[in-house]
$ cat entry-v4.csv   # CSV, C-alpha atoms
chain,number,residue,atom,x,y,z
A,1,MET,CA,0.0,0.0,0.0
A,2,GLU,CA,2.9,2.4,0.8
A,3,GLU,CA,4.4,1.7,-2.7
A,4,LYS,CA,1.0,2.4,-4.3
A,5,LYS,CA,0.6,5.6,-2.3
A,6,ASP,CA,4.0,6.8,-3.5
A,7,LEU,CA,3.1,6.2,-7.1
A,8,ARG,CA,-0.2,8.0,-6.7
A,9,GLU,CA,1.5,10.9,-4.9
A,10,GLN,CA,4.1,11.3,-7.6
A,11,THR,CA,1.8,11.0,-10.6
A,12,ASN,CA,-1.0,13.3,-9.3
A,13,PRO,CA,-0.3,15.7,-6.5
A,14,ILE,CA,-4.0,16.5,-6.4
A,15,PHE,CA,-4.7,12.8,-5.5
A,16,ASN,CA,-7.5,12.3,-3.1
A,17,THR,CA,-6.8,10.7,0.3
A,18,ALA,CA,-9.5,9.9,2.7
A,19,LYS,CA,-7.9,12.2,5.3
A,20,SER,CA,-8.0,15.2,3.0
A,21,VAL,CA,-11.3,14.6,1.3
A,22,LEU,CA,-13.7,13.2,3.9
A,23,PRO,CA,-13.6,16.2,6.2
A,24,HIS,CA,-15.0,18.1,3.2
A,25,PHE,CA,-18.1,15.9,3.2
A,26,CYS,CA,-18.4,16.3,6.9
A,27,ILE,CA,-18.4,20.0,6.3
A,28,ALA,CA,-21.1,19.4,3.7
A,29,GLY,CA,-23.2,18.0,6.5
A,30,ASP,CA,-23.5,14.6,5.0
A,31,LYS,CA,-24.6,12.3,7.8
A,32,ASP,CA,-22.7,9.3,6.3
A,33,ALA,CA,-19.4,11.2,6.0
A,34,PRO,CA,-18.2,10.6,9.6
A,35,ILE,CA,-19.2,6.9,9.4
A,36,LEU,CA,-17.3,6.5,6.2
A,37,ALA,CA,-14.4,8.5,7.6
A,38,LYS,CA,-14.1,6.0,10.5
A,39,LYS,CA,-13.9,3.1,8.0
A,40,PHE,CA,-10.8,4.8,6.5
A,41,GLY,CA,-9.3,5.4,9.9
A,42,VAL,CA,-10.0,9.1,9.8
A,43,ASP,CA,-11.2,9.9,13.3
A,44,ALA,CA,-14.0,12.3,12.5
A,45,ASP,CA,-14.9,12.2,16.2
A,46,SER,CA,-11.6,13.8,17.2
A,47,LEU,CA,-11.4,16.0,14.1
A,48,LEU,CA,-14.9,17.4,14.1
A,49,GLY,CA,-17.1,15.3,16.3
A,50,SER,CA,-19.3,12.4,14.9
A,51,GLY,CA,-22.9,13.5,15.2
A,52,GLU,CA,-21.7,17.0,16.0
A,53,VAL,CA,-19.6,17.1,12.8
A,54,SER,CA,-21.2,20.0,11.1
A,55,ARG,CA,-22.1,21.9,14.2
A,56,LYS,CA,-18.5,22.0,15.6
A,57,LEU,CA,-17.1,23.1,12.3
A,58,ARG,CA,-19.8,25.7,11.9
A,59,SER,CA,-19.0,27.1,15.3
A,60,ALA,CA,-15.3,27.2,14.3
A,61,LEU,CA,-16.3,29.4,11.4
A,62,THR,CA,-18.1,32.0,13.6
B,1,MET,CA,-19.0,26.6,-0.4
B,2,VAL,CA,-18.5,22.9,-0.1
B,3,GLU,CA,-21.8,22.4,1.5
B,4,THR,CA,-23.6,24.6,-1.0
B,5,ARG,CA,-22.2,22.8,-4.0
B,6,TYR,CA,-22.7,19.3,-2.5
B,7,LEU,CA,-26.3,20.0,-1.5
B,8,SER,CA,-27.3,21.6,-4.8
B,9,THR,CA,-25.9,18.8,-6.8
B,10,ASN,CA,-27.8,16.2,-4.7
B,11,LYS,CA,-31.0,18.3,-4.9
B,12,ILE,CA,-30.9,18.7,-8.7
B,13,LEU,CA,-30.2,15.0,-9.3
B,14,GLY,CA,-33.7,14.5,-7.8
B,15,ASN,CA,-35.0,15.8,-11.1
B,16,TYR,CA,-33.4,12.9,-13.0
B,17,LYS,CA,-34.4,9.9,-11.0
B,18,ASN,CA,-34.6,7.6,-14.1
B,19,SER,CA,-31.0,8.2,-15.0
B,20,THR,CA,-27.7,6.6,-13.8
B,21,ILE,CA,-25.5,8.9,-11.8
B,22,VAL,CA,-22.0,9.0,-13.2
B,23,GLU,CA,-19.7,10.9,-10.9
B,24,ILE,CA,-16.3,11.9,-12.4
B,25,ALA,CA,-13.5,12.3,-9.9
B,26,CYS,CA,-15.7,11.0,-7.2
B,27,GLY,CA,-13.0,10.8,-4.6
B,28,TYR,CA,-14.1,9.4,-1.3
B,29,THR,CA,-17.6,10.7,-1.6
B,30,PRO,CA,-20.4,9.3,0.6
B,31,ARG,CA,-22.9,10.2,-2.1
B,32,ALA,CA,-23.3,6.6,-3.1
B,33,LEU,CA,-24.8,6.0,0.4
B,34,ASN,CA,-27.3,8.8,0.2
B,35,GLU,CA,-30.8,7.5,0.8
B,36,THR,CA,-32.2,9.9,-1.8
B,37,PHE,CA,-30.4,7.9,-4.5
B,38,LYS,CA,-31.2,4.5,-3.1
B,39,ASP,CA,-33.2,3.4,-6.2
B,40,MET,CA,-30.7,5.0,-8.7
B,41,HIS,CA,-27.8,3.3,-10.3
B,42,TYR,CA,-24.5,5.1,-9.2
B,43,ILE,CA,-21.1,4.8,-10.9
B,44,GLY,CA,-18.1,6.5,-9.3
B,45,CYS,CA,-15.0,7.2,-11.4
B,46,ASP,CA,-11.6,8.2,-10.2
B,47,LEU,CA,-7.9,7.1,-10.1
B,48,PRO,CA,-7.4,3.4,-9.7
B,49,ILE,CA,-6.1,3.6,-6.2
B,50,VAL,CA,-9.0,5.7,-5.1
B,51,THR,CA,-11.7,3.5,-6.6
B,52,ASP,CA,-10.1,0.4,-5.2
B,53,GLU,CA,-10.3,1.8,-1.7
B,54,ILE,CA,-13.7,3.5,-1.9
B,55,GLY,CA,-15.3,0.7,-3.9
B,56,THR,CA,-14.4,-1.9,-1.3
B,57,VAL,CA,-15.7,0.2,1.7
B,58,ILE,CA,-18.8,1.5,0.0
B,59,GLY,CA,-19.6,-2.1,-1.2
B,60,GLU,CA,-19.5,-3.3,2.4
B,61,MET,CA,-21.6,-0.5,3.7
B,62,CYS,CA,-24.2,-0.8,0.9
B,63,ALA,CA,-24.5,-4.5,1.5
B,64,GLU,CA,-25.2,-3.8,5.2
B,65,ARG,CA,-27.9,-1.3,4.2
B,66,GLY,CA,-29.4,-3.3,1.3
B,67,ILE,CA,-28.4,-0.7,-1.3
B,68,LYS,CA,-27.6,-2.1,-4.7
B,69,ASN,CA,-26.4,-0.8,-8.0
B,70,ARG,CA,-23.2,0.8,-6.8
B,71,GLU,CA,-20.0,0.6,-9.0
B,72,PHE,CA,-16.6,2.2,-8.9
B,73,HIS,CA,-14.3,2.2,-11.9
B,74,ALA,CA,-10.8,3.5,-12.6
B,75,ALA,CA,-11.6,6.1,-15.2
B,76,ASP,CA,-10.2,9.5,-16.2
B,77,GLY,CA,-12.6,12.0,-17.8
B,78,THR,CA,-10.0,12.9,-20.4
B,79,ASN,CA,-9.6,9.2,-21.4
B,80,TYR,CA,-12.6,8.2,-23.5
B,81,ARG,CA,-12.0,4.5,-23.4
B,82,SER,CA,-11.8,4.3,-19.6
B,83,MET,CA,-15.0,6.3,-19.3
B,84,ARG,CA,-16.9,4.2,-21.9
B,85,ASP,CA,-15.7,1.0,-20.2
B,86,ALA,CA,-17.0,2.3,-16.9
B,87,LEU,CA,-20.5,2.6,-18.4
B,88,ASN,CA,-20.8,-1.0,-19.8
B,89,SER,CA,-23.6,-1.9,-17.4
B,90,VAL,CA,-25.7,1.3,-18.0
B,91,ASP,CA,-29.1,0.9,-19.4
B,92,GLY,CA,-30.8,4.2,-20.2
B,93,GLU,CA,-29.8,7.9,-19.7
B,94,ILE,CA,-27.0,9.1,-17.6
B,95,SER,CA,-26.5,12.2,-15.4
B,96,ILE,CA,-22.8,13.0,-15.3
B,97,ILE,CA,-21.7,15.1,-12.3
B,98,CYS,CA,-18.5,16.6,-11.1
B,99,ASP,CA,-18.0,18.8,-8.1
B,100,GLY,CA,-14.8,20.8,-7.9
B,101,LEU,CA,-13.1,19.1,-10.8
B,102,LEU,CA,-12.8,21.6,-13.7
B,103,THR,CA,-10.5,24.0,-12.0
B,104,TYR,CA,-7.7,21.4,-12.1
B,105,PHE,CA,-7.7,21.1,-15.9
B,106,ASN,CA,-5.9,23.2,-18.4
B,107,ASN,CA,-7.7,24.1,-21.6
B,108,SER,CA,-6.4,21.1,-23.6
B,109,GLU,CA,-7.6,18.7,-20.9
B,110,LEU,CA,-10.9,20.6,-20.7
B,111,THR,CA,-11.4,20.1,-24.4
B,112,GLU,CA,-10.7,16.4,-24.1
B,113,LEU,CA,-13.1,16.1,-21.2
B,114,CYS,CA,-15.9,18.0,-22.9
B,115,THR,CA,-15.5,16.0,-26.1
B,116,ASN,CA,-15.7,12.7,-24.2
B,117,ILE,CA,-18.8,13.9,-22.3
B,118,ARG,CA,-20.5,14.9,-25.5
B,119,ARG,CA,-19.9,11.5,-27.0
B,120,LEU,CA,-21.1,9.7,-24.0
B,121,LEU,CA,-24.3,11.8,-23.8
B,122,LYS,CA,-24.9,11.3,-27.5
B,123,GLU,CA,-24.8,7.6,-27.0
B,124,PHE,CA,-26.7,7.2,-23.7
B,125,GLY,CA,-28.8,10.4,-23.6
B,126,GLY,CA,-29.0,12.5,-20.5
B,127,GLN,CA,-27.1,15.5,-19.2
B,128,TRP,CA,-24.0,16.8,-17.5
B,129,ILE,CA,-24.8,18.7,-14.3
B,130,THR,CA,-22.1,20.8,-12.7
B,131,SER,CA,-21.7,24.2,-10.9
B,132,ASP,CA,-17.9,24.1,-11.5
B,133,PRO,CA,-17.9,27.0,-14.1
B,134,ASP,CA,-19.4,29.2,-11.3
B,135,VAL,CA,-16.8,28.3,-8.6
B,136,ASN,CA,-15.6,31.9,-8.6
B,137,PRO,CA,-19.0,33.6,-8.0
B,138,LEU,CA,-19.7,30.9,-5.4
B,139,PHE,CA,-16.4,31.5,-3.6
B,140,MET,CA,-17.1,35.3,-3.7
B,141,ALA,CA,-20.5,34.8,-2.2
B,142,ALA,CA,-19.2,32.5,0.5
B,143,MET,CA,-16.3,34.8,1.4
B,144,LYS,CA,-18.7,37.8,1.8
B,145,ALA,CA,-21.1,35.7,3.9
B,146,VAL,CA,-18.4,34.5,6.3
B,147,HIS,CA,-16.1,37.5,6.5
B,148,GLY,CA,-18.3,40.4,5.6
B,149,LYS,CA,-18.3,42.8,2.7
B,150,ALA,CA,-15.3,45.0,4.0
B,151,ALA,CA,-13.0,42.0,4.4
B,152,PHE,CA,-14.1,40.7,1.0
B,153,GLU,CA,-13.1,43.9,-0.6
B,154,ASP,CA,-9.7,43.8,1.1
B,155,LEU,CA,-9.2,40.3,-0.3
B,156,VAL,CA,-9.9,41.5,-3.8
B,157,LYS,CA,-7.4,44.3,-3.4
B,158,THR,CA,-4.9,41.8,-2.1
B,159,MET,CA,-5.4,39.7,-5.2
B,160,ASP,CA,-4.7,42.7,-7.4
B,161,VAL,CA,-1.5,43.5,-5.5
B,162,PHE,CA,-0.2,40.0,-5.8
B,163,ALA,CA,-1.1,39.8,-9.4
B,164,GLU,CA,1.1,42.9,-10.1
B,165,GLN,CA,4.0,41.5,-8.1
B,166,SER,CA,3.9,38.0,-9.4
B,167,ASP,CA,6.0,36.8,-12.4
B,168,THR,CA,3.4,34.2,-13.1
B,169,LYS,CA,0.4,35.0,-15.2
B,170,LEU,CA,-2.5,32.8,-14.4
B,171,GLU,CA,-4.3,31.5,-17.4
B,172,VAL,CA,-8.1,31.7,-16.8
B,173,GLN,CA,-9.4,28.5,-18.2
B,174,ASN,CA,-12.2,28.3,-20.7
B,175,MET,CA,-14.9,27.2,-18.3
B,176,THR,CA,-14.4,29.8,-15.6
B,177,VAL,CA,-17.1,32.4,-14.9
B,178,LEU,CA,-15.6,35.4,-13.1
B,179,ALA,CA,-17.9,37.4,-10.8
B,180,TYR,CA,-15.8,40.5,-11.4
B,181,ASP,CA,-15.8,40.2,-15.2
B,182,TYR,CA,-19.1,38.4,-15.7
B,183,GLU,CA,-20.0,39.3,-19.3
B,184,ASN,CA,-16.6,38.6,-20.9
B,185,SER,CA,-16.1,35.4,-19.0
B,186,MET,CA,-19.6,34.1,-19.7
B,187,LYS,CA,-18.9,34.7,-23.4
B,188,THR,CA,-15.6,32.7,-23.1
B,189,VAL,CA,-17.4,29.8,-21.4
B,190,THR,CA,-20.4,29.8,-23.9
B,191,ASP,CA,-18.2,30.2,-26.9
B,192,PHE,CA,-16.0,27.3,-25.7
B,193,LEU,CA,-19.0,25.0,-25.0
B,194,ARG,CA,-20.3,25.7,-28.6
B,195,SER,CA,-16.9,24.9,-30.0
B,196,VAL,CA,-17.0,21.4,-28.4
B,197,GLY,CA,-20.5,20.7,-29.5
B,198,LEU,CA,-22.4,21.3,-26.2
B,199,LYS,CA,-25.4,23.5,-25.3
B,200,TRP,CA,-26.4,24.6,-21.8
B,201,GLU,CA,-29.1,25.8,-19.5
B,202,ILE,CA,-28.2,27.6,-16.3
B,203,VAL,CA,-30.3,27.6,-13.2
B,204,PRO,CA,-29.7,29.6,-10.0
B,205,MET,CA,-28.4,27.7,-7.1
B,206,SER,CA,-30.9,29.5,-4.9
B,207,ASP,CA,-33.6,27.4,-6.5
B,208,TYR,CA,-32.0,24.3,-4.9
B,209,VAL,CA,-30.4,25.5,-1.7
B,210,THR,CA,-32.5,27.4,0.8
B,211,GLU,CA,-30.6,26.6,4.0
B,212,ILE,CA,-26.9,26.2,4.8
B,213,GLY,CA,-25.9,24.4,8.0
B,214,CYS,CA,-22.4,25.9,8.1
B,215,LEU,CA,-24.0,29.3,8.7
B,216,ALA,CA,-26.0,28.1,11.7
B,217,GLY,CA,-24.2,30.5,14.0
B,218,TYR,CA,-24.7,33.6,11.8
B,219,SER,CA,-27.5,36.2,12.0
B,220,ASP,CA,-30.7,35.6,10.0
B,221,GLU,CA,-29.7,38.6,8.0
B,222,ALA,CA,-26.4,37.2,7.0
B,223,LYS,CA,-27.9,33.8,6.1
B,224,ALA,CA,-30.6,35.5,4.0
B,225,GLU,CA,-28.0,37.6,2.2
B,226,TYR,CA,-26.0,34.5,1.4
B,227,ILE,CA,-29.0,32.6,0.0
B,228,LYS,CA,-30.0,35.6,-2.0
B,229,SER,CA,-26.4,35.8,-3.4
B,230,LEU,CA,-26.9,32.3,-4.7
B,231,GLU,CA,-29.4,33.8,-7.3
B,232,SER,CA,-26.3,34.9,-9.2
B,233,VAL,CA,-24.5,31.5,-8.8
B,234,HIS,CA,-25.5,28.9,-11.3
B,235,ILE,CA,-25.7,25.2,-11.9
B,236,TRP,CA,-25.0,24.3,-15.5
B,237,ILE,CA,-27.1,21.6,-17.2
B,238,ILE,CA,-25.2,20.7,-20.3
B,239,THR,CA,-26.3,18.5,-23.2
B,240,PRO,CA,-25.0,17.7,-26.7
B,241,ASP,CA,-25.7,20.2,-29.5
B,242,GLU,CA,-27.6,18.4,-32.2
B,243,ASN,CA,-26.5,20.9,-34.8
B,244,PHE,CA,-22.8,20.3,-34.1
B,245,LYS,CA,-20.9,18.9,-37.1
B,246,GLU,CA,-19.0,15.8,-35.9
B,247,THR,CA,-15.8,14.9,-37.6
B,248,GLU,CA,-14.6,11.3,-38.1
B,249,GLU,CA,-12.7,10.5,-35.0
B,250,THR,CA,-11.4,7.3,-33.7
B,251,TYR,CA,-10.7,6.4,-30.1
B,252,GLU,CA,-9.4,2.8,-30.2
B,253,SER,CA,-5.9,3.9,-31.3
B,254,ASP,CA,-5.4,5.8,-28.0
B,255,SER,CA,-4.5,2.7,-25.9
B,256,PHE,CA,-1.2,3.3,-24.1
B,257,GLY,CA,2.1,1.5,-24.6
B,258,VAL,CA,5.6,2.1,-23.3
B,259,THR,CA,8.9,0.4,-24.1
B,260,ALA,CA,12.2,1.3,-22.5
B,261,ASN,CA,15.8,0.2,-22.6
B,262,ALA,CA,19.0,1.6,-21.1
B,263,HIS,CA,22.6,1.3,-22.1
B,264,GLY,CA,25.7,3.4,-21.6
B,265,GLY,CA,23.9,5.7,-19.2
B,266,THR,CA,21.2,6.6,-21.7
B,267,MET,CA,17.6,5.5,-21.4
B,268,GLU,CA,15.5,5.3,-24.5
B,269,ILE,CA,11.7,5.4,-24.0
B,270,LYS,CA,9.1,5.0,-26.7
B,271,LEU,CA,5.5,6.1,-25.9
B,272,ARG,CA,2.4,5.2,-27.7
B,273,GLY,CA,-1.2,6.3,-27.3
B,274,ARG,CA,-2.4,8.4,-24.3
B,275,LEU,CA,-0.3,9.3,-21.3
B,276,ASP,CA,-2.8,10.4,-18.7
B,277,SER,CA,-3.8,9.8,-15.0
B,278,ILE,CA,-4.8,6.2,-15.8
B,279,THR,CA,-1.6,5.3,-17.8
B,280,ALA,CA,1.0,7.6,-16.1
B,281,PRO,CA,1.6,5.1,-13.2
B,282,GLU,CA,2.6,2.5,-15.8
B,283,LEU,CA,5.3,4.8,-17.3
B,284,LEU,CA,6.6,5.6,-13.8
B,285,ALA,CA,6.8,1.9,-13.0
B,286,VAL,CA,8.7,1.1,-16.1
B,287,TYR,CA,11.1,4.0,-15.4
B,288,GLU,CA,11.7,3.0,-11.8
B,289,LYS,CA,12.2,-0.6,-12.8
B,290,THR,CA,14.8,0.3,-15.4
B,291,THR,CA,16.7,2.8,-13.2
B,292,ALA,CA,16.8,0.3,-10.4
B,293,LYS,CA,19.1,-1.9,-12.6
B,294,GLU,CA,21.0,0.8,-14.6
B,295,LYS,CA,22.5,4.1,-13.9
B,296,VAL,CA,20.7,6.7,-16.1
B,297,GLU,CA,22.2,10.1,-16.9
B,298,LYS,CA,20.2,11.0,-20.1
B,299,ILE,CA,16.7,10.1,-21.2
B,300,ALA,CA,15.6,10.2,-24.9
B,301,VAL,CA,11.8,10.0,-25.3
B,302,ASP,CA,10.4,9.1,-28.7
B,303,ALA,CA,6.9,10.6,-28.8
B,304,SER,CA,6.2,10.0,-32.4
B,305,GLU,CA,3.3,7.7,-31.5
B,306,LEU,CA,2.1,9.7,-28.5
B,307,ALA,CA,-1.4,10.9,-29.1
B,308,TYR,CA,-2.0,13.0,-26.0
B,309,ILE,CA,-0.3,13.9,-22.7
B,310,SER,CA,-2.1,15.2,-19.6
B,311,SER,CA,-0.8,16.9,-16.6
B,312,ALA,CA,-0.4,13.5,-14.9
B,313,GLY,CA,1.9,12.4,-17.8
B,314,LEU,CA,3.9,15.7,-17.5
B,315,ARG,CA,4.5,15.0,-13.8
B,316,VAL,CA,6.1,11.7,-14.6
B,317,LEU,CA,8.4,13.4,-17.1
B,318,LEU,CA,9.2,16.0,-14.5
B,319,ILE,CA,10.1,13.3,-12.0
B,320,MET,CA,12.6,12.0,-14.6
B,321,ILE,CA,14.0,15.5,-15.3
B,322,LYS,CA,14.5,16.0,-11.5
B,323,GLN,CA,16.6,12.9,-11.4
B,324,VAL,CA,18.7,13.4,-14.5
B,325,GLY,CA,18.8,17.2,-14.4
B,326,ASN,CA,17.5,19.9,-16.8
B,327,GLY,CA,18.6,19.5,-20.4
B,328,ASN,CA,19.2,15.7,-20.0
B,329,LEU,CA,15.8,14.6,-21.1
B,330,THR,CA,14.9,15.1,-24.7
B,331,VAL,CA,11.5,14.5,-26.4
B,332,THR,CA,11.3,14.0,-30.2
B,333,GLY,CA,8.6,13.4,-32.7
B,334,GLN,CA,5.7,14.9,-30.7
B,335,ASN,CA,2.6,15.9,-32.6
B,336,GLU,CA,1.0,19.3,-32.6
B,337,THR,CA,-1.4,18.5,-29.8
B,338,VAL,CA,1.4,17.3,-27.5
B,339,GLN,CA,3.6,20.3,-28.5
B,340,THR,CA,0.8,22.7,-27.6
B,341,ILE,CA,0.5,21.2,-24.2
B,342,PHE,CA,4.2,21.4,-23.7
B,343,ASP,CA,4.1,25.1,-24.7
B,344,GLN,CA,1.0,26.0,-22.6
B,345,THR,CA,2.5,24.4,-19.5
B,346,GLY,CA,6.0,25.7,-19.8
B,347,PHE,CA,7.3,22.2,-20.2
B,348,THR,CA,9.1,23.2,-23.4
B,349,ASP,CA,11.6,25.3,-21.4
B,350,MET,CA,12.7,22.2,-19.4
B,351,ILE,CA,13.5,19.9,-22.3
$ encode --input "entry-v4.csv" --output "structure tokens"
Amino acid sequence: MEEKKDLREQTNPIFNTAKSVLPHFCIAGDKDAPILAKKFGVDADSLLGSGEVSRKLRSALT
Amino acid sequence: MVETRYLSTNKILGNYKNSTIVEIACGYTPRALNETFKDMHYIGCDLPIVTDEIGTVIGEMCAERGIKNREFHAADGTNYRSMRDALNSVDGEISIICDGLLTYFNNSELTELCTNIRRLLKEFGGQWITSDPDVNPLFMAAMKAVHGKAAFEDLVKTMDVFAEQSDTKLEVQNMTVLAYDYENSMKTVTDFLRSVGLKWEIVPMSDYVTEIGCLAGYSDEAKAEYIKSLESVHIWIITPDENFKETEETYESDSFGVTANAHGGTMEIKLRGRLDSITAPELLAVYEKTTAKEKVEKIAVDASELAYISSAGLRVLLIMIKQVGNGNLTVTGQNETVQTIFDQTGFTDMI
């Protein structure tokens, strides 16, 4: 997997990784985004808060 | 901005419930899990590594929820064959969507993408739904809502200052509407769409988004002002122009091939077909395998059978240049399309 990630990173610097992309869907308020994030080892609970995902981020914007 | 775009795409897809959703550059989207689309066929397209990962996880989650008809395919919007192969199971119309993709393309890639989309829509019927051309007006609306009008005006002044100080001239790409130069930029976009055989309808985002969760902590006045500003931000619904005169074009010859050998410190590479985000990893793998066995100080690339190169392909060549040094990689035999891409991206100065 590490080798594959190196190839991906080198051939496309705009490659999507779960860690960089899934928080965007959490921002979008998609209720499945935090659940999906956990499947990829992205701890949305610590990043943004599971069921509180959108609210925490929203409060960070104010 | 992310929420507005995501919500509006989801909402407008509700108007096309009999179509298959084809999401280009789907990334790690949870869209396939959305209950709204439970009865719709969904196909996600992205780089091979992304679709391998997301396809496995989404497949498991869909099985748990009893959701069927979810597919993920390694496909690049600029590579027609990969896109067409991804749609082999489709029966009926398609709704092609992309959120936040177009800004990453140069004009050559944009032309390839639009041409491929036109061909797919002509075959299957349906539409391309995207708000990507309006990313600038959307950004401006979001910045004003979050930071206020005064801060927004300071940002615009800052952009002007940096533009004057910078040595780099940013090329505004052909599908970019500019809020501060609306008429001219709309003309550029619509002229471009006509040139690639597409026609369009634009609908205000405010028709599809009436509430934004991210603004929950803001005053009712600020929220209302933002929603009102979405009247000037549009979703584009794009379909093939029936009056467009097609030329004879073939696609099968674009399959990729690479051969390489190294001797006396020089590596000779011959490229055939399309070098894009789907095929670039293959070139990189061949290069790394060869350089693992032989010391390479110069690289000679025969591009006489190279049909097209995308930014992903250029990045692999740049990796090679970084390792052998400027001036030690030569490219010969390239066609006009490839040479134009070299010139537009500044790659010509490196070889």
$ residues_around --input "entry-v4.csv" --residues "B:Gly14" --least-positions-apart "6" --cutoff "12 Å" --atoms "all atoms listed in the file" --output "ChimeraX atom specification"
/B:7-8,20-21,34-40,95,129,208
$ interface_residues --input "entry-v4.csv" --of "chain B" --to "chain A" --cutoff "10 Å" --atoms "all atoms listed in the file" --output "ChimeraX atom specification"
/B:1-7,25-35,46-50,53-54,57-58,61,104,146-147,212-218,276-285,311-319
$ atom_distance --input "entry-v4.csv" --atom1 "atom CA of B:Lys144" --atom2 "atom CA of B:Val189"
24.6 Å
$ atom_distance --input "entry-v4.csv" --atom1 "atom CA of B:Val196" --atom2 "atom CA of B:Thr9"
23.5 Å
$ residues_around --input "entry-v4.csv" --residues "B:Met186" --least-positions-apart "6" --cutoff "10 Å" --atoms "all atoms listed in the file" --output "PyMOL selection string"
chain B and resi 133-134+174-179+192
